[in-house]
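Engineer: Quick one: this structure, given as C-alpha cells, is what I'll be asking you about.
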Amino acid sequence: MGANREPSAKAKHAPRSASHWERGALVAALVVLAAPFIYLMRPEHTVSVPVEPELHFVGSSKCGGCHQESYAKWRGSHHDLAMDEATQQTVLGDFNNVTFTDPHNQISSRFFRRDGGFYVETQGPDGNLDTFQITYTFGVYPLQQYLVPFPGGRLQCLNIAWDVRNSSWYRLPPYEVKGPADWLHWTRGAQTWNGMCAECHSTRVIKGFDIGSESYQTSWQEIDVGCEACHGPGSKHLAWADRPALARPAVENFNLSVSTGNLDTKKQIAICAPCHSRRFQLGDNTHGPGELLDKMVPSLLEEGLYYPDGQILEEVYVYGSFIQSKMFQNGVRCSDCHDVHSLALHKKDNGLCLQCHRAETYDAVSHHFHKREHEGKPSAGYLCVKCHMPGRTYMGIDYRPDHSLRIPRPDLSRKIGTPNSCSSTGCHDDKDLEWINSNYSKWYGQARKPHYGEVFAAARADSPGSGDNLTRLAQDRLLPAIVRATALSLLRNHPSEETTGLFTRALQDEDALIRYTAIRSLQHLDQQTTLRLIAPKLYDRVKGVRMEAALALAAIPETSLRPEDVDAFRIAIGEYRAAMLYNADFAPQRYNLGNLAAAQGAGTEAEAFYLQAIAIDDQFYPAKVNLAMQYNRDGRNDKAAALLIEVLATNGELYEVAYSLGLLLAEMQNFSEAAHYLAKAADGMPNYSRVRYNQALALMKMQRWQEAEQALLKSLEVSPTNREYFTTLANLYLNFQDTARARKLAELTLQTQPDHPDARELLRILEKNK
C-alpha cells in the first residue's frame with residue numbers, strides 16, 4: 001500500500017496558485033533535502049553504498065571530537081586513571097632511593113630510579129632480596145599500586161602501595177602470608193594482575209591463559225576503562241558519525257552496540273555489575289549487550305563475604321549491596337547519584353539524597369536527631385550516609401560505603417552480632433549496645449520489622465527451625481532476588497520433599513540468579529527426576545543457567561538423555577568447560593574440572609586436575625578432600641585418610657571432613673580412630689544425628705558399650721522418631737538383658753509417640769519374657 005495522499009484540511013482550502021516567493025521557498029527546501037544525494041552523485045565523489053563495518057573497538061580518543069563535554073569529564077577520572085604505563089607523569093610514589101620496612105615481616109624494600117625507569121628491591125619468589133622493574137601504575141586514589149613483569153606473561157601486583165593522602169609507602173593486606181610459597185605472596189597467584197585485576201582496570205581485556213604452558217598472553221584494546229567499556233565497541237557508531245549529518249541513516253541507538261540512555265535500574269546496573277561486583281567471570285568481557293549471567297555469576301550473601309543481614313564484610317564491590325536496597329527496588333540507578341563520566345557525585349552531603357527525599361522531613365533534627373555541632377565542634381552525625389551507608393576499609397586505607405542503604409538496626413547487633421552505623425562509623429564507638437539501643441528506641445519507638453538477617457544467622461548456625469524460615473524467605477517475592485537466592489542456597493542443608501518442590505518451582509522464576517541457584521540446590525535426586533526437571537534448562541536463554549544445568553546432568557550417560565537433548569547438552573557442557581578453562585589459573589576452577597571429570601567417570605583426569613589445583617594453592621582444601629574421595633574410589637584408602645588428616649590439621653572446624661574421615665577409617669576397620677573423628681564431627685554438627693549414630697556403631701565395634709549407649713541416647717534426643725536408632729539401642733539393652741533400661745526406653749518413647757510400633761513391640765516382648 002502507498003502512503004496516504006489525501007491533503008490536510010488546511011491544504012484543501014488553500015489558493016490554487018502559490019505566490020512566487022512560496023514557490024522559491026519550496027524549491028530551496030527541495031535543494032537542501034537533496035543536497036547530500038547531489039553531493040554523492042558528483043563525478044569526483046562517486047561512491048558505492050557503504051558496507052556495514054565490522055564491529056571492533058576504536059579507542060576513547062575517537063569519541064572526544066564529538067562528545068567533548070563527556071570526554072572532558074572522563075579525562076582524569078578514576079576510570080581514565082585505572083591503569084597506566086609507569087612514567088614521570090603517572091607514578092605518584094617516592095622512588096628517590098627510599099626504604100620501607102614491612103611491620104608484619106620486617107622485610108625492608110628499597111624504591112629507586114635507574115635509567116629513567118622505576119625499580120624496587122624486595123623479597124622475590126625464592127625468598128631472597130631481588131630487584132624488579134615497575135612497568136605499570138594501577139589506580140590513583142586513595143592508593144596507587146605498581147605492577148612488575150614476571151615470566152610467563154604475568155604482571156604481579158607489589159604488596160607495598162603508595163598512600164596518596166599521606167604521601168607514604170604502606171603494606172597492603174593480606175598480612176597472614178606464610179612466605180614466598182604461599183599463594184597469597186605478592187609473587188604468586190593471588191596477586192597476579194592477569195587473572196585478579198585486569199578485566200576491570202582496562203577495556204576489552206583478553207586474558208589469554210594457556211593451561212598447557214601455565215602462561216598468559218594478555219592483551220587489551222585500551223589500557224584504562226574507556227568509553228567502550230560501557231558503550232561497547234564503537235566502530236559502527238564511528239562509521240555512522242563520520243558520514244555527513246544529513247546522510248546518516250536512522251539507526252537504533254546511533255549504531256552503538258550497547259544502549260546506555262534512559263535505561264531502567266536493572267538494565268543500567270547490568271552495565272556496571274561485571275566489574276562492580278564479587279563474581280565468577282564466565283569469560284572475557286566483550287562489553288556487549290546481554291543478561292548479567294551471560295557474562296558472570298554474582299556471589300550470594302555468603303558467610304565470609306557478607307554479615308547475616310547483608311551488610312558488607314569482605315570486599316564485594318557494591319552490586320550485591322545495592323540490589324538489596326529499597327533504592328534499587330524503587331528504580332534508583334547508579335547515575336542518579338554518580339556522574340557516569342566523571343564518576344563524581346552530583347551533589348555534596350545531604351544534597352545528594354534531597355534530590356528525591358523531602359528536606360523538611362528528612363534533613364531535619366526531628367528525623368536524624370543529630371546537630372551539626374557537638375560540644376563546639378563540627379559533627380557529621382546529621383549526614384544521611386553516616387546512618388544509612390556505614391562502610392568498611394579495604395586495602396588498608398580505602399574506605400567504601402555500604403550501598404545497601406539500610407535503616408540502622410542496632411537491635412540486630414545485639415541479636416546476631418552485626419555492625420550498626422551508630423558505632424561502626426566511629427561516632428559512638430565508645431558506647432555500649434545498651435546505650436545505643438536505648439537512645440534509638442527513644443527516637444524511633446520499640447517496634448522492629450522482622451529482618452532476613454535473623455533467618456540467615458540462624459541458618460548459618462544450623463539452628464532448629466531455620467529451614468521453615470528459609471522457605472518463607474525464598475518464596476517472598478517482595479524480597480530482593482539475591483536474598484531469595486541466598487535462602488534457596490541455604491535450604492540445600494534441609495533436604496525434604498517440601499524443599500525439592502520449592503527448588504522445582506524456582507526453576508521457572510523470571511530471575512536468572514534464582515533459576516541458577518535452584519539447579520545448584522537440586523541435589524541427590526534419582527536419575528529420572530533429574531532428567532525431567534533439569535534437562536529443559538539446557539535451553540534457558542541465559543548462559544549461566546544452561547551451564548549449571550549441563551553440570552547437573554554430567555554424571556548421567558548421554559544415552560539416557562532424549563535424543564533431541566543431546567546436542568543441547570553438549571553445547572552447554574562445552575560452555576561450562578570453556579568457562580572453567582578460562583579461569584583455570586585459579587585452584588577452584590581446576591577443582592571444578594576435576595569434579596566434572598569425576599562425574600563423567602574419568603578418574604585419572606579428575607586426579608590430575610585435583611593435584612593441579614593443590615599445586616596452585618596448597619591451602620585450597622576442597623581439592624584435597626575430593627582427591628581423597630577419588631583415592632577412596634580407587635581403593636587407595638591409606639592415601640585418602642592421610643590427605644583428610646592433613647586437611648583437618650590446619651582446618652579443625654571442618655566437621656563434615658571429620659565425618660568423612662571417620663567413615664573412611666571405619667571402612668578400613670580402624671574403629672578407634674574412626675570413633676575419635678566421628679565424635680569430633682558429632683560435637684561440631686550437633687543437629688546431624690546420623691553422625692552421632694555412626695560414632696555409636698564404631699564404639700560398639702570396640703565393645704565400648706557404655707559410651708555407645710550415650711551416643712545412641714544423644715542421637716535419639718535429636719531425632720526421637722528415628723526407628724533405626726531406637727532399635728539399635730533397644731537391642732543393646734536386650735543383649736545385656738538390661739530389661740529395666742529397655743522398658744524405660746519404650747515407656748519414655750510412648751509418652752511422646754503413643755503409636756510408635758517398635759516401642760510397643762519392645763514392651764510386648766518384655767511382658768512375654770517376664
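How things are named: the first chain in the C-alpha cells is A, the next is B, and so on; residues count from 1 in each chain; ligands count from 1 in the order shown.
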Excluding A:Leu665 and any residue of its chain fewer than 5 positions from it, enumerate the residues within 9 Å of it, using only C-alpha atoms, and give them as a PyMOL selection string.

Structural biologist: chain A and resi 637+641+660+670-675+677

Engineer: Write out as a list of chain:residue names which residues come within 7 Å of A:Ile614 when counting only C-alpha atoms, dropping same-chain ones fewer than 6 positions away.

Structural biologist: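 The filter keeps A:Ala587, A:Phe620, A:Ala623.
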
Engineer: Between atom CA of A:Leu490 and atom CA of A:Tyr655, what distance in Å does the model show, to one decimal?

Structural biologist: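 Interatomic distance, atom CA of A:Leu490 to atom CA of A:Tyr655: 17.3 Å.
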
Engineer: When DSSP is applied to the backbone of this structure, which of stretch 96-135 of chain A are assigned strand (DSSP E or B)? Write them out as an NGL selection string.

Structural biologist: :A and (98-101 or 108-114 or 117-123 or 129-134)

Engineer: Can you tell me, as a CSV table (one decimal) with N, CA, C and O atoms, in the first residue's frame, what residues are no more than 7 Å from stretch 453-468 of chain A when counting only C-alpha atoms, ignoring any on the same chain fewer than 2 positions away?

Structural biologist:
```csv
chain,number,residue,atom,x,y,z
A,308,PRO,N,25.3,-11.6,58.3
A,308,PRO,CA,24.0,-12.3,58.0
A,308,PRO,C,22.9,-11.4,57.5
A,308,PRO,O,22.0,-11.8,56.8
A,309,ASP,N,22.9,-10.1,57.9
A,309,ASP,CA,21.9,-9.2,57.5
A,309,ASP,C,22.2,-8.5,56.1
A,309,ASP,O,21.5,-7.7,55.6
A,310,GLY,N,23.3,-9.0,55.5
A,310,GLY,CA,23.6,-8.5,54.1
A,310,GLY,C,24.5,-7.3,54.1
A,310,GLY,O,24.9,-6.8,53.0
A,416,ILE,N,22.3,-10.7,66.7
A,416,ILE,CA,23.1,-11.6,65.8
A,416,ILE,C,24.5,-11.1,65.5
A,416,ILE,O,25.2,-11.7,64.7
A,451,HIS,N,13.7,-9.2,60.1
A,451,HIS,CA,14.7,-9.0,59.1
A,451,HIS,C,15.3,-10.3,58.6
A,451,HIS,O,15.5,-11.2,59.5
A,470,LEU,N,13.7,-20.2,56.2
A,470,LEU,CA,14.3,-20.0,54.9
A,470,LEU,C,13.3,-20.2,53.8
A,470,LEU,O,13.3,-19.5,52.7
A,471,THR,N,12.4,-21.2,53.9
A,471,THR,CA,11.4,-21.5,52.9
A,471,THR,C,10.5,-20.3,52.7
A,471,THR,O,10.2,-19.9,51.6
A,472,ARG,N,10.2,-19.6,53.9
A,472,ARG,CA,9.3,-18.4,53.8
A,472,ARG,C,10.0,-17.3,53.0
A,472,ARG,O,9.4,-16.7,52.1
A,490,LEU,N,20.9,-21.9,51.1
A,490,LEU,CA,21.0,-22.4,52.5
A,490,LEU,C,20.0,-23.5,52.7
A,490,LEU,O,20.3,-24.4,53.6
A,491,LEU,N,18.9,-23.6,51.9
A,491,LEU,CA,18.0,-24.7,52.0
A,491,LEU,C,18.6,-26.0,51.5
A,491,LEU,O,17.9,-27.1,51.8
A,494,HIS,N,18.7,-28.6,54.1
A,494,HIS,CA,17.4,-29.0,54.7
A,494,HIS,C,16.7,-29.9,53.6
A,494,HIS,O,15.6,-29.5,53.2
```

Engineer: For atom CA of A:Ser421 and atom CA of A:Ala344, quote the distance in Å rounded to one decimal.

Structural biologist: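 Separation between atom CA of A:Ser421 and atom CA of A:Ala344: 23.9 Å.
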
Engineer: Find the residues around A:Glu291 up to 10 Å (only C-alpha atoms counted), leave out those fewer than 6 positions away in its own chain, and share them as a list in words.

Structural biologist: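 Residues near the query, excluding close chain neighbours: Lys266, Lys267, Ala270, Ile271, Ala512, Arg541, Val542, Lys543 and Gly544 of chain A.
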
Engineer: I want to know what sits within 9 Å of A:Tyr307, based on only C-alpha atoms, with residues of the same chain fewer than 3 positions away left out; could you give that as a ChimeraX atom specification?

Structural biologist: /A:301-304,310-313,417-419,453,457

Engineer: Please provide the set of residues having any atom within 10 Å of A:Asp567, restricted to only C-alpha atoms, with same-chain residues fewer than 6 positions apart removed, written as a ChimeraX atom specification.

Structural biologist: /A:538,558,573

Engineer: Please write the residues from the selection above to a file, keeping N, CA and C atoms, as a compact mmCIF listing (two decimals), in the first residue's frame.

Structural biologist:
```
# COMPACT_ATOMS: atom_id res chain seq x y z
N LEU A 538 18.55 -26.81 29.78
CA LEU A 538 19.61 -26.74 28.77
C LEU A 538 19.26 -25.72 27.69
N GLU A 558 25.00 -40.04 28.35
CA GLU A 558 24.30 -39.36 27.26
C GLU A 558 23.19 -40.24 26.68
N ILE A 573 27.53 -28.15 28.13
CA ILE A 573 28.67 -28.64 28.90
C ILE A 573 29.97 -28.10 28.30
```

Engineer: Have a look at A:Leu644, A:Leu412, A:Ile397, A:Val58 and name the one nearest to A:Gln144; count only C-alpha atoms.

Structural biologist: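 So, comparing all the options, the nearest one is A:Ile397.
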
Engineer: Let me make sure I understand: among A:Leu405, A:Ala481, A:Val316, A:Val140, which one has the smallest atom-to-atom distance to A:Asp509 if we use only C-alpha atoms?

Structural biologist: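 Using only C-alpha atoms, A:Asp509 sits closest to A:Ala481.
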
Engineer: Counting only C-alpha atoms, which residue out of A:Ala698, A:Leu732, A:Ala740, A:Val98 sits closest to A:Lys770?

Structural biologist: A:Ala740

Engineer: For a quick check of understanding, using only C-alpha atoms, which of A:Thr393, A:Asn97, A:Ser689, A:Thr218 has the smallest distance to A:Pro173?

Structural biologist: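 Closest to A:Pro173 of all the choices is A:Thr393.
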